[in-house]
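Everything on this sheet refers to the single structure shown next.
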Amino acid sequence: MLHLGTLLAIVVYFWRDILEIVHGVGMALRGKGKNPQGVKLLFWIIFATIPTGLIGFFFKGWFEALFSRPRIVGMMLLITGTVLWSTRWLKADGKKITGMGWLDSLLIGIAQGMAIIPGISRSGATISTGLFCGLDREFSAKFSFLLSIPAILGATLLEFKKIDLVLGFWTIFIGTGVAFGVGILSLTFLIKINRIENISNFSYYCWIIGLIIIILI
């Protein structure tokens with residue numbers, strides 16, 4: 001439900017892009033016009049979701065077992081920081097949706113699947129992979145968060161049956177609301193940082209927290 005709160009934040013923040021996709025697909029289905037960018041963006045999102053879903057389906061149990069091993073989380077944070085740091089030498093301008101290919105979508109989808117490992121940042125992994133593939137910095141961030149919608153929605157639906165709405169309604173409601181609010185603020189901050197600076201600055205945080213976990217736990 002906390003992930004549902006962040007999902008709602010993503011939908012609200014990127015509502016124009018989502019509306020463009022829906023409008024483009026609707027026009028294409030009715031044969032009244034074409035929105036190639038909206039349709040193409042949806043296609044690459046679906047294509048990238050396939051490896052994410054396969055990784056989650058086949059390795060879910062193994063990944064969940066890692067949550068009980070804090071030092072693994074610390075090590076993965078160090079890896080996340082290193083990946084983020086390596087993006088500092090990549091150029092900000094690059095391919096947008098018109099130049100994106102199947103390999104770019106596949107690699108970003110795999111990166112999202114690997115982010116199920118605790119300590120691997122989903123947004124950090126997918127944005128960095130997009131940059132390594134030569135995508136534009138702003139478009140890479142946008143694609144990363146739009147790609148998270150089916151992944152988070154699917155995970156939420158799978159876990160929803162475990163929720164006890166009768167006993168924990170207010171806890172769930174407050175938690176989801178806070179996650180939504182923090183999600184909006186975090187998205188605004190991250191997109192702005194990604195636009196004017198390099199996301200490699202987040203590597204210091206990952207390294208510090210990762211080392212603290214490894215040393216103290």
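Every chain in the structure tokens has a letter given in the order shown (A, B, ...), and although residue numbers restart at 1 in each chain, ligands are simply numbered from 1 in the order shown.
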Residues near region 63-76 of chain A, cut-off 7 Å, only C-alpha atoms, skip fewer than 2 positions along chain, as JSON, numbers by chain:
{"A": [59, 60, 61, 78, 79, 80, 116, 117, 118, 119, 120, 210, 211, 213, 214, 217]}
Spatial neighbours of Asp136 (chain A), 9 Å, only C-alpha atoms, chain gap at least 5 places, as a PyMOL selection string
chain A and resi 91-96+130-131+141
Mind giving me the straight-line distance from CA of Cys206 (chain A) to CA of Thr82 (chain A) in Å, one decimal?
8.6 Å
Can you tell me how far CA of Phe202 (chain A) sits from CA of Ala111 (chain A), in Å to one decimal?
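Answer for the CA of Phe202 (chain A) to CA of Ala111 (chain A) separation: 17.8 Å.
When the distance limit is 8 Å and only C-alpha atoms are what count, the residues near Thr6 (chain A), minus those fewer than 6 positions from it on the same chain, are A:Thr176, A:Ala179, A:Phe180, A:Val182, A:Gly183, A:Ile184.
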Which of these, A:Leu216, A:Ile193, A:Leu187, A:Leu157, has the shortest distance to Met1 (chain A) once you count only C-alpha atoms?
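Using only C-alpha atoms, the shortest distance to Met1 (chain A) belongs to A:Leu157.
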Give me the residues near Ile108 (chain A) as a PyMOL selection string, where near means some atom within 12 Å (using only C-alpha atoms) and where sequence neighbours in that chain fewer than 5 positions away do not count.
chain A and resi 44-52+100-103+113-115+122-135+140-141+143-148
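Nearest-residue note for Val83 (chain A): choosing from A:Thr171, A:Thr156, A:Ser186, A:Ser121, the minimum distance belongs to A:Ser121, counting only C-alpha atoms.
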